[in-house]
file my_file_15.txt (compact mmCIF, C-alpha atoms)
# COMPACT_ATOMS: atom_id res chain seq x y z
CA MET A 1 -44.48 -54.00 27.93
CA ARG A 2 -46.16 -51.34 30.10
CA GLU A 3 -44.71 -48.57 27.95
CA LEU A 4 -46.45 -49.63 24.74
CA ASP A 5 -47.84 -46.85 22.60
CA GLU A 6 -51.54 -46.64 23.45
CA THR A 7 -52.17 -44.48 20.40
CA ALA A 8 -51.41 -47.44 18.08
CA ALA A 9 -54.09 -48.95 15.82
CA GLY A 10 -55.92 -50.69 18.65
CA GLY A 11 -57.21 -49.08 21.81
CA PRO A 12 -55.28 -49.11 25.09
CA ILE A 13 -55.94 -52.81 25.68
CA GLY A 14 -55.99 -53.81 22.02
CA ALA A 15 -52.50 -52.49 21.36
CA ARG A 16 -51.11 -54.44 24.30
CA LEU A 17 -53.09 -57.51 23.34
CA ALA A 18 -51.56 -57.55 19.86
CA ALA A 19 -48.02 -57.17 21.23
CA TRP A 20 -48.44 -59.91 23.83
CA ARG A 21 -50.11 -62.27 21.34
CA LEU A 22 -47.17 -61.93 18.98
CA ARG A 23 -44.74 -62.33 21.85
CA ARG A 24 -46.48 -65.60 22.81
CA GLY A 25 -46.31 -66.80 19.21
CA LEU A 26 -50.09 -67.07 18.79
CA THR A 27 -52.35 -66.26 15.85
CA ARG A 28 -55.64 -64.45 16.29
CA ASP A 29 -57.36 -67.77 15.62
CA ASP A 30 -55.36 -69.33 18.46
CA LEU A 31 -56.38 -66.56 20.85
CA ALA A 32 -60.03 -66.73 19.84
CA SER A 33 -60.01 -70.49 20.39
CA ARG A 34 -58.35 -70.21 23.80
CA THR A 35 -60.75 -67.52 25.05
CA GLY A 36 -63.98 -68.62 23.42
CA LEU A 37 -64.32 -65.12 21.95
CA GLU A 38 -65.25 -64.48 18.33
CA LEU A 39 -62.36 -64.06 15.91
CA ASP A 40 -63.88 -60.82 14.60
CA TYR A 41 -63.93 -59.43 18.14
CA VAL A 42 -60.28 -60.31 18.75
CA ALA A 43 -59.29 -58.79 15.41
CA GLY A 44 -61.36 -55.69 16.18
CA LEU A 45 -59.59 -55.20 19.50
CA GLU A 46 -56.21 -55.20 17.81
CA THR A 47 -57.21 -52.88 14.98
CA GLY A 48 -59.32 -50.36 16.90
CA GLY A 49 -62.73 -51.52 15.74
CA GLU A 50 -63.60 -52.98 19.17
CA TRP A 51 -62.93 -52.29 22.83
CA VAL A 52 -63.11 -54.16 26.15
CA ASP A 53 -65.98 -53.25 28.46
CA ARG A 54 -66.55 -56.59 30.23
CA ARG A 55 -64.40 -57.85 33.08
CA GLY A 56 -64.95 -61.49 32.13
CA ARG A 57 -63.58 -60.90 28.65
CA LEU A 58 -60.55 -59.07 29.98
CA ALA A 59 -59.88 -61.92 32.41
CA ALA A 60 -60.23 -64.51 29.62
CA LEU A 61 -57.77 -62.67 27.38
CA ALA A 62 -55.25 -62.30 30.20
CA ALA A 63 -55.54 -65.96 31.19
CA ALA A 64 -55.11 -67.14 27.59
CA LEU A 65 -51.86 -65.16 27.34
CA ARG A 66 -50.69 -66.19 30.85
CA LEU A 67 -50.77 -62.60 32.05
CA ASP A 68 -52.04 -60.51 34.92
CA VAL A 69 -54.91 -58.31 33.75
CA ALA A 70 -52.71 -55.27 34.51
CA ASP A 71 -50.37 -56.38 31.71
CA LEU A 72 -53.23 -55.71 29.31
CA THR A 73 -54.65 -52.59 30.96
CA GLY A 74 -51.21 -51.02 31.47
CA GLN A 75 -51.73 -50.19 35.15
CA PRO A 76 -50.30 -48.36 36.97
CA TYR A 77 -50.51 -45.62 34.36
CA PRO A 78 -47.74 -43.05 33.81
CA PRO A 79 -48.62 -39.86 35.70
CA ARG A 80 -50.52 -37.20 33.79
CA GLY A 81 -50.65 -33.88 35.58
CA GLU A 82 -49.60 -32.77 39.05
CA GLU A 83 -52.45 -34.44 40.94
CA HIS A 84 -51.87 -37.84 39.33
CA ALA A 85 -48.14 -37.53 39.99
CA ALA A 86 -48.81 -36.74 43.66
CA VAL A 87 -51.10 -39.74 44.01
CA ARG A 88 -48.48 -42.01 42.45
CA ALA A 89 -45.87 -40.63 44.85
CA VAL A 90 -48.10 -41.47 47.81
CA ALA A 91 -48.43 -45.02 46.49
CA PHE A 92 -44.65 -45.39 46.75
CA HIS A 93 -44.79 -44.00 50.28
CA LEU A 94 -47.46 -46.54 51.26
CA ARG A 95 -45.13 -49.29 50.09
CA ARG A 96 -43.00 -48.49 53.12
CA CYS A 97 -46.02 -48.68 55.42
CA VAL A 98 -46.73 -52.23 54.29
CA GLY A 99 -43.40 -53.58 55.47
CA ARG A 100 -43.03 -51.47 58.60
CA PRO A 101 -43.84 -52.99 61.98
CA HIS A 102 -46.63 -51.39 63.98
CA LEU A 103 -45.36 -48.42 65.94
CA ASP A 104 -45.21 -48.82 69.69
CA THR A 105 -43.84 -45.46 70.78
CA ALA A 106 -45.10 -41.89 71.05
CA ALA A 107 -48.56 -40.76 71.97
CA GLY A 108 -51.32 -41.07 69.44
CA LEU A 109 -53.91 -38.48 68.47
CA PRO A 110 -57.08 -38.14 70.51
CA LEU A 111 -59.59 -40.62 69.08
CA ASP A 112 -62.15 -37.93 68.24
CA THR A 113 -59.52 -36.11 66.15
CA LEU A 114 -58.50 -39.32 64.40
CA ALA A 115 -62.15 -40.18 63.76
CA GLU A 116 -62.85 -36.78 62.19
CA ARG A 117 -59.80 -36.98 59.95
CA THR A 118 -60.81 -40.49 58.91
CA ARG A 119 -64.30 -39.23 58.02
CA VAL A 120 -62.77 -36.48 55.86
CA ALA A 121 -60.62 -39.03 54.03
CA ALA A 122 -63.60 -41.36 53.57
CA ARG A 123 -65.65 -38.51 52.10
CA ALA A 124 -62.82 -37.77 49.65
CA GLY A 125 -62.74 -41.43 48.64
CA ALA A 126 -66.51 -41.51 48.14
CA ALA A 127 -66.33 -38.36 46.04
CA GLY A 128 -63.61 -39.89 43.86
CA ASP A 129 -61.15 -37.21 44.98
CA GLU A 130 -58.05 -39.42 44.79
CA HIS A 131 -55.70 -36.49 45.34
CA THR A 132 -57.16 -35.41 48.69
CA LEU A 133 -57.46 -39.03 49.82
CA ALA A 134 -53.87 -39.82 48.86
CA LEU A 135 -52.42 -36.82 50.67
CA ALA A 136 -54.28 -37.76 53.87
CA LEU A 137 -53.40 -41.46 53.95
CA PRO A 138 -49.73 -41.71 55.01
CA GLU A 139 -50.22 -39.70 58.19
CA LEU A 140 -53.58 -41.33 58.88
CA ILE A 141 -52.08 -44.83 58.67
CA GLU A 142 -49.30 -43.87 61.04
CA ASP A 143 -51.68 -42.20 63.50
CA SER A 144 -54.13 -45.09 63.44
CA ASP A 145 -51.25 -47.48 64.17
CA HIS A 146 -50.32 -45.35 67.16
CA ALA A 147 -53.91 -45.28 68.38
CA VAL A 148 -54.25 -49.07 68.42
CA VAL A 149 -51.01 -49.45 70.38
CA THR A 150 -51.55 -46.67 72.90
CA ASP A 151 -55.28 -46.79 73.66
CA SER A 152 -56.67 -49.10 76.30
CA PRO A 153 -60.24 -50.45 76.58
CA PRO A 154 -62.81 -49.17 75.82
CA GLY A 155 -60.99 -46.77 73.47
CA ARG A 156 -58.99 -49.58 71.91
CA GLU A 157 -62.02 -51.07 70.16
CA GLU A 158 -62.79 -47.75 68.46
CA ALA A 159 -59.11 -47.34 67.58
CA VAL A 160 -59.08 -50.77 65.92
CA GLN A 161 -62.19 -49.90 63.88
CA LEU A 162 -60.62 -46.63 62.73
CA ARG A 163 -57.39 -48.41 61.84
CA VAL A 164 -59.29 -50.94 59.73
CA GLN A 165 -61.18 -48.16 57.94
CA VAL A 166 -57.98 -46.24 57.17
CA HIS A 167 -56.20 -49.33 55.84
CA VAL A 168 -59.19 -50.24 53.67
CA LEU A 169 -59.19 -46.70 52.22
CA GLY A 170 -55.50 -47.10 51.44
CA ALA A 171 -55.97 -50.52 49.88
CA GLY A 172 -58.77 -49.18 47.69
CA LEU A 173 -56.56 -46.38 46.40
CA LEU A 174 -53.71 -48.80 45.67
CA ARG A 175 -56.11 -51.17 43.88
CA ARG A 176 -57.46 -48.40 41.64
CA LEU A 177 -53.95 -47.20 40.82
CA GLY A 178 -52.96 -50.72 39.82
CA TYR A 179 -50.75 -51.68 42.78
CA LYS A 180 -52.89 -54.71 43.52
CA ASP A 181 -50.18 -56.70 45.28
CA LEU A 182 -49.58 -53.81 47.68
CA ALA A 183 -53.32 -53.43 48.19
CA TRP A 184 -53.57 -57.06 49.24
CA MET A 185 -50.67 -56.68 51.65
CA LEU A 186 -52.17 -53.55 53.21
CA LEU A 187 -55.48 -55.37 53.71
CA HIS A 188 -53.65 -58.20 55.44
CA ARG A 189 -51.98 -55.62 57.67
CA ALA A 190 -55.40 -54.18 58.57
CA ARG A 191 -56.63 -57.32 60.29
CA PRO A 192 -56.49 -57.06 64.06
CA GLY A 193 -55.28 -60.52 65.08
CA THR A 194 -57.18 -63.27 63.26
CA ARG A 195 -60.47 -61.41 62.81
CA GLU A 196 -61.67 -60.50 59.33
CA PRO A 197 -63.76 -57.34 59.63
CA LEU A 198 -66.49 -56.92 57.03
CA PRO A 199 -64.87 -53.83 55.39
CA VAL A 200 -61.71 -55.87 54.78
CA LEU A 201 -63.69 -58.72 53.19
CA VAL A 202 -65.59 -56.28 50.97
CA GLU A 203 -62.37 -54.69 49.71
CA GLU A 204 -60.79 -58.12 49.19
CA VAL A 205 -63.75 -59.13 47.00
CA ARG A 206 -63.38 -55.90 45.00
CA LEU A 207 -59.68 -56.61 44.58
CA LEU A 208 -60.24 -60.19 43.40
CA ILE A 209 -62.84 -58.98 40.89
CA ASP A 210 -60.34 -56.43 39.55
CA LEU A 211 -57.72 -59.18 39.34
CA GLY A 212 -60.08 -61.17 37.09
CA LEU A 213 -60.60 -63.94 39.66
CA PRO A 214 -64.38 -64.26 40.12
CA GLU A 215 -64.29 -67.71 41.72
CA TYR A 216 -61.89 -66.50 44.41
CA ALA A 217 -64.06 -63.42 44.91
CA LEU A 218 -67.10 -65.61 45.45
CA ALA A 219 -65.23 -67.80 47.93
CA ARG A 220 -64.30 -64.71 49.97
CA ALA A 221 -67.84 -63.35 49.83
CA GLU A 222 -69.28 -66.63 51.11
CA ARG A 223 -67.16 -66.37 54.26
CA ALA A 224 -69.26 -63.44 55.49
CA GLU A 225 -72.73 -64.68 54.54
CA GLY A 226 -75.03 -65.28 57.48
CA GLY A 227 -73.06 -62.88 59.65
CA GLY A 228 -74.87 -59.62 58.90
CA ALA A 229 -73.05 -59.08 55.64
CA GLY A 230 -75.46 -56.39 54.44
CA TRP A 231 -76.15 -55.53 50.82
CA GLU A 232 -72.67 -54.88 49.44
CA LEU A 233 -71.17 -58.37 49.41
CA PRO A 234 -74.12 -59.97 47.55
CA ALA A 235 -74.05 -57.10 45.04
CA LEU A 236 -70.33 -57.65 44.43
CA ALA A 237 -70.82 -61.42 44.31
CA ALA A 238 -73.47 -60.87 41.63
CA VAL A 239 -70.87 -59.12 39.46
CA ALA A 240 -68.47 -62.02 40.05
CA GLN A 241 -71.15 -64.53 39.03
CA ALA A 242 -71.84 -62.52 35.87
CA MET A 243 -68.10 -62.55 35.08
CA ALA A 244 -68.23 -66.35 35.34
CA GLY A 245 -71.24 -66.47 32.99
CA ARG A 246 -73.79 -67.47 35.64
CA ARG A 247 -76.60 -64.95 35.17
CA PRO A 248 -79.32 -66.75 37.21
CA GLU A 249 -77.05 -66.93 40.26
CA ALA A 250 -76.22 -63.25 39.76
CA GLU A 251 -79.90 -62.34 39.72
CA ARG A 252 -80.56 -64.23 42.96
CA LEU A 253 -77.73 -62.35 44.64
CA LEU A 254 -79.06 -59.03 43.34
CA ALA A 255 -82.46 -59.86 44.84
CA THR A 256 -80.75 -60.50 48.19
CA ALA A 257 -78.87 -57.22 47.94
CA ALA A 258 -82.10 -55.35 47.16
CA GLU A 259 -83.80 -56.86 50.22
CA ARG A 260 -80.93 -55.76 52.46
CA ALA A 261 -80.62 -52.20 51.10
CA GLY A 262 -81.45 -49.85 53.94
CA ASP A 263 -81.78 -46.40 52.34
CA ALA A 264 -82.00 -44.53 49.04
CA ARG A 265 -78.24 -44.59 48.50
CA GLU A 266 -77.93 -48.35 49.02
CA SER A 267 -80.97 -48.97 46.79
CA ALA A 268 -79.40 -46.84 44.04
CA LEU A 269 -76.16 -48.80 44.37
CA VAL A 270 -78.03 -52.09 43.97
CA VAL A 271 -79.60 -50.71 40.77
CA ALA A 272 -76.08 -49.75 39.65
CA ALA A 273 -74.99 -53.33 40.34
CA ARG A 274 -77.90 -54.56 38.19
CA ALA A 275 -76.60 -52.36 35.36
CA ALA A 276 -73.08 -53.75 35.81
CA VAL A 277 -74.36 -57.35 35.77
CA ALA A 278 -76.41 -56.74 32.62
CA ALA A 279 -73.40 -55.12 30.94
CA GLU A 280 -71.17 -58.04 31.95
CA HIS A 281 -73.74 -60.40 30.46
CA GLY A 282 -73.64 -58.44 27.19
CA ASP A 283 -77.17 -57.00 27.38
CA ALA A 284 -76.48 -53.34 26.59
CA GLU A 285 -80.14 -52.35 26.33
CA GLU A 286 -80.91 -53.71 29.80
CA ALA A 287 -77.78 -52.11 31.26
CA ALA A 288 -78.77 -48.74 29.84
CA GLY A 289 -82.28 -49.15 31.25
CA HIS A 290 -81.01 -49.85 34.76
CA ALA A 291 -78.62 -46.90 34.53
CA ARG A 292 -81.49 -44.59 33.58
CA ALA A 293 -83.59 -45.94 36.46
CA ALA A 294 -80.91 -45.36 39.12
CA ASP A 295 -81.23 -42.35 41.40
CA LEU A 296 -78.04 -40.50 40.50
CA ALA A 297 -78.69 -37.82 43.11
CA ALA A 298 -78.44 -40.46 45.86
CA LEU A 299 -74.93 -41.48 44.77
CA ASP A 300 -71.57 -40.00 45.72
CA GLY A 301 -69.27 -38.70 43.00
CA ALA A 302 -67.24 -41.89 42.55
CA GLN A 303 -70.33 -44.10 42.44
CA ARG A 304 -72.08 -41.74 40.05
CA SER A 305 -69.03 -41.68 37.79
CA ARG A 306 -68.85 -45.48 37.66
CA LEU A 307 -72.55 -45.86 36.84
CA LEU A 308 -72.34 -43.21 34.14
CA THR A 309 -69.38 -45.08 32.63
CA VAL A 310 -71.45 -48.28 32.51
CA ALA A 311 -74.27 -46.27 30.90
CA ALA A 312 -71.87 -44.78 28.35
CA ALA A 313 -70.56 -48.22 27.41
CA ALA A 314 -74.13 -49.49 27.04
CA GLU A 315 -75.03 -46.59 24.74
CA ALA A 316 -71.89 -47.17 22.67
CA ARG A 317 -72.79 -50.86 22.27
CA GLN A 318 -76.10 -49.75 20.76
CA ASP A 319 -74.30 -47.54 18.22
CA ARG A 320 -75.30 -44.33 19.99
CA ALA A 321 -71.86 -42.77 20.15
CA ASP A 322 -73.03 -39.19 20.78
CA GLN A 323 -75.17 -40.27 23.76
CA ALA A 324 -72.31 -42.42 25.00
CA ALA A 325 -69.92 -39.48 24.78
CA ALA A 326 -72.31 -37.27 26.74
CA ARG A 327 -72.53 -39.87 29.50
CA LEU A 328 -68.76 -40.29 29.63
CA VAL A 329 -68.26 -36.54 29.89
CA GLU A 330 -70.74 -36.50 32.79
CA ALA A 331 -68.77 -39.29 34.45
CA ASP A 332 -65.58 -37.28 34.06
CA ALA A 333 -67.19 -34.24 35.66
CA ALA A 334 -68.32 -36.34 38.64
CA ALA A 335 -64.84 -37.74 39.47
CA PRO A 336 -62.15 -36.72 36.96
CA LEU A 337 -59.04 -38.52 38.22
CA ARG A 338 -61.01 -41.60 39.29
CA LEU A 339 -62.40 -41.88 35.76
CA ARG A 340 -59.00 -41.51 34.09
CA LEU A 341 -57.62 -44.33 36.25
CA ASP A 342 -60.45 -46.68 35.24
CA PRO A 343 -59.23 -49.00 32.46
CA PHE A 344 -62.75 -49.46 31.06
CA ALA A 345 -63.33 -45.70 30.94
CA ARG A 346 -60.01 -45.29 29.14
CA GLU A 347 -61.03 -47.96 26.63
CA LEU A 348 -64.30 -46.19 26.01
CA ALA A 349 -62.69 -42.76 25.62
CA ALA A 350 -60.33 -44.16 22.98
CA ALA A 351 -63.19 -45.94 21.19
CA LEU A 352 -65.53 -42.92 21.19
CA ALA A 353 -62.99 -40.33 20.05
CA PRO A 354 -63.28 -41.24 16.33
CA ARG A 355 -66.96 -42.26 16.51
CA THR A 356 -68.61 -39.20 18.06
CA THR A 357 -70.25 -36.93 15.47
CA ASP A 358 -71.55 -34.12 17.72
CA THR A 359 -68.87 -31.44 17.52
CA LEU A 360 -68.97 -30.37 21.17
CA GLN A 361 -69.10 -33.93 22.52
CA ALA A 362 -66.33 -35.02 20.19
CA ALA A 363 -64.10 -32.19 21.43
CA ALA A 364 -64.88 -33.07 25.05
CA VAL A 365 -64.02 -36.75 24.52
CA ARG A 366 -60.78 -35.85 22.74
CA ASP A 367 -59.87 -33.59 25.65
CA LEU A 368 -60.62 -36.38 28.12
CA ALA A 369 -58.48 -38.80 26.12
CA GLU A 370 -55.61 -36.32 26.02
CA ARG A 371 -55.76 -35.76 29.80
CA ALA A 372 -55.66 -39.55 30.24
CA GLY A 373 -52.56 -39.79 28.01
CA LEU A 374 -54.36 -41.66 25.22
CA ARG A 375 -53.67 -39.16 22.41
call {"tool": "encode", "arguments": {"input": "my_file_15.txt", "output": "structure tokens"}}
result
Amino acid sequence: MRELDETAAGGPIGARLAAWRLRRGLTRDDLASRTGLELDYVAGLETGGEWVDRRGRLAALAAALRLDVADLTGQPYPPRGEEHAAVRAVAFHLRRCVGRPHLDTAAGLPLDTLAERTRVAARAGAAGDEHTLALALPELIEDSDHAVVTDSPPGREEAVQLRVQVHVLGAGLLRRLGYKDLAWMLLHRARPGTREPLPVLVEEVRLLIDLGLPEYALARAERAEGGGAGWELPALAAVAQAMAGRRPEAERLLATAAERAGDARESALVVAARAAVAAEHGDAEEAAGHARAADLAALDGAQRSRLLTVAAAAEARQDRADQAAARLVEADAAAPLRLRLDPFARELAAALAPRTTDTLQAAAVRDLAERAGLR
């Protein structure tokens, strides 16, 4: 089912939805009843008149059809271009890392060298440069394994922290590619003993949100509360609450996240979370307002791309296709491969291609869709 033609009548998710619905022997009325979604919306998804831009709706559709959300999004996507192919190849390499025992021979790198290489990889991840991050990860994972085994106190504690950071970077890449089972296994491998470092919990919450499991995400987030969890877990938990339809709880968590934000970047990310919560709730005007209020200059490339995608979806929901296209093109410029791996960005590109009237923007969206393999 992953090789369905995404250029069919519906968008990338709509085409798969129609095929799976028929395979399950359901009518559109049946699916609308099972999900609580409007019949017109379900029909629009299958015929190209609608698109999916809310995680809660995607999760509801997948659950009604007894599917993983990836069965509807089509992840992991067939490689498009050399960089995407290289990143996919690294994902297969990381599969071997998951099942391999920790290395206990050979000398590791000096910790300062390992730390610098880890910082470079982290900067690539923050920028949305999946290609550079992917190429760095296999050797980094191996070297961080060596460091934990070979270093003795006090160096061992730093080695463990670096190893956790490297494994979290790898799990994030696998999650975004669509290898969510491998991402979970790599996170489990990152834990030193029985401890659950905060970066691991944060990535687990992200993974559970992407899997369409908000209640599980909230349960994981609650495990870190009261222990110096910072701003990020409440911001993610707010998105999970919005997915579950609990807007007041989401707003309380956003207030907590705002109180804990320590600098301009963290404050901008909380505003981005507010936009995501509003979009998940279906309030496009509010989502667009938060996106306009966010300090884009304070965000890294990947974060800026994600916020611009939310803004583009909000503009599209208000029938402003040209403005939406402009935002989506900006998002692509900020982190091209990261955007093309985002199922919601792919949905939006497919939806905007026939709707954009500005000649230049329409051409740019068509080009984006072609590079994503949607045309």
call {"tool": "atom_distance", "arguments": {"input": "my_file_15.txt", "atom1": "atom CA of A:Arg117", "atom2": "atom CA of A:Ala297"}}
result
25.3 Å
call {"tool": "atom_distance", "arguments": {"input": "my_file_15.txt", "atom1": "atom CA of A:Gly44", "atom2": "atom CA of A:Arg306"}}
result
24.9 Å
call {"tool": "closest_residue", "arguments": {"input": "my_file_15.txt", "among": "A:Ala302, A:Ala147, A:Ala85, A:Ala70", "to": "A:Asp112", "atoms": "all atoms listed in the file"}}
result
A:Ala147
call {"tool": "residues_around", "arguments": {"input": "my_file_15.txt", "residues": "A:Ala363", "least_positions_apart": "2", "cutoff": "12 Å", "atoms": "only C-alpha atoms", "output": "PyMOL selection string"}}
result
chain A and resi 322+325-326+329+349+352-361+365-370
call {"tool": "closest_atom_pairs", "arguments": {"input": "my_file_15.txt", "of": "stretch 15-60 of chain A", "to": "stretch 224-246 of chain A", "cutoff": "9 Å", "atoms": "all atoms listed in the file", "output": "CSV"}}
result
residue,atom,partner,partner_atom,distance
A:Arg54,CA,A:Met243,CA,7.8
A:Arg55,CA,A:Met243,CA,6.3
A:Gly56,CA,A:Met243,CA,4.4
A:Arg57,CA,A:Met243,CA,8.0
A:Ala59,CA,A:Met243,CA,8.7
call {"tool": "atom_distance", "arguments": {"input": "my_file_15.txt", "atom1": "atom CA of A:Ala258", "atom2": "atom CA of A:Asp300"}}
result
18.7 Å
call {"tool": "residues_near_point", "arguments": {"input": "my_file_15.txt", "point": "(-57.7, -47.5, 59.6)", "cutoff": "8 Å", "atoms": "all atoms listed in the file", "output": "ChimeraX atom specification"}}
result
/A:118,140-141,144-145,160-169,190
call {"tool": "residues_near_point", "arguments": {"input": "my_file_15.txt", "point": "(-61.6, -60.9, 43.6)", "cutoff": "9 Å", "atoms": "only C-alpha atoms", "output": "list in words"}}
result
Glu203, Glu204, Val205, Arg206, Leu207, Leu208, Ile209, Asp210, Leu211, Gly212, Leu213, Pro214, Glu215, Tyr216, Ala217, Leu218, Ala219, Arg220 and Ala240 of chain A
call {"tool": "closest_residue", "arguments": {"input": "my_file_15.txt", "among": "A:Arg247, A:Arg223, A:Arg340, A:Arg23", "to": "A:Val202", "atoms": "all atoms listed in the file"}}
result
A:Arg223
call {"tool": "residues_around", "arguments": {"input": "my_file_15.txt", "residues": "A:Ala312", "least_positions_apart": "5", "cutoff": "9 Å", "atoms": "all atoms listed in the file", "output": "JSON, numbers by chain"}}
result
{"A": [288, 307, 317, 321, 323, 324, 325, 326, 327, 328, 331, 345, 348]}
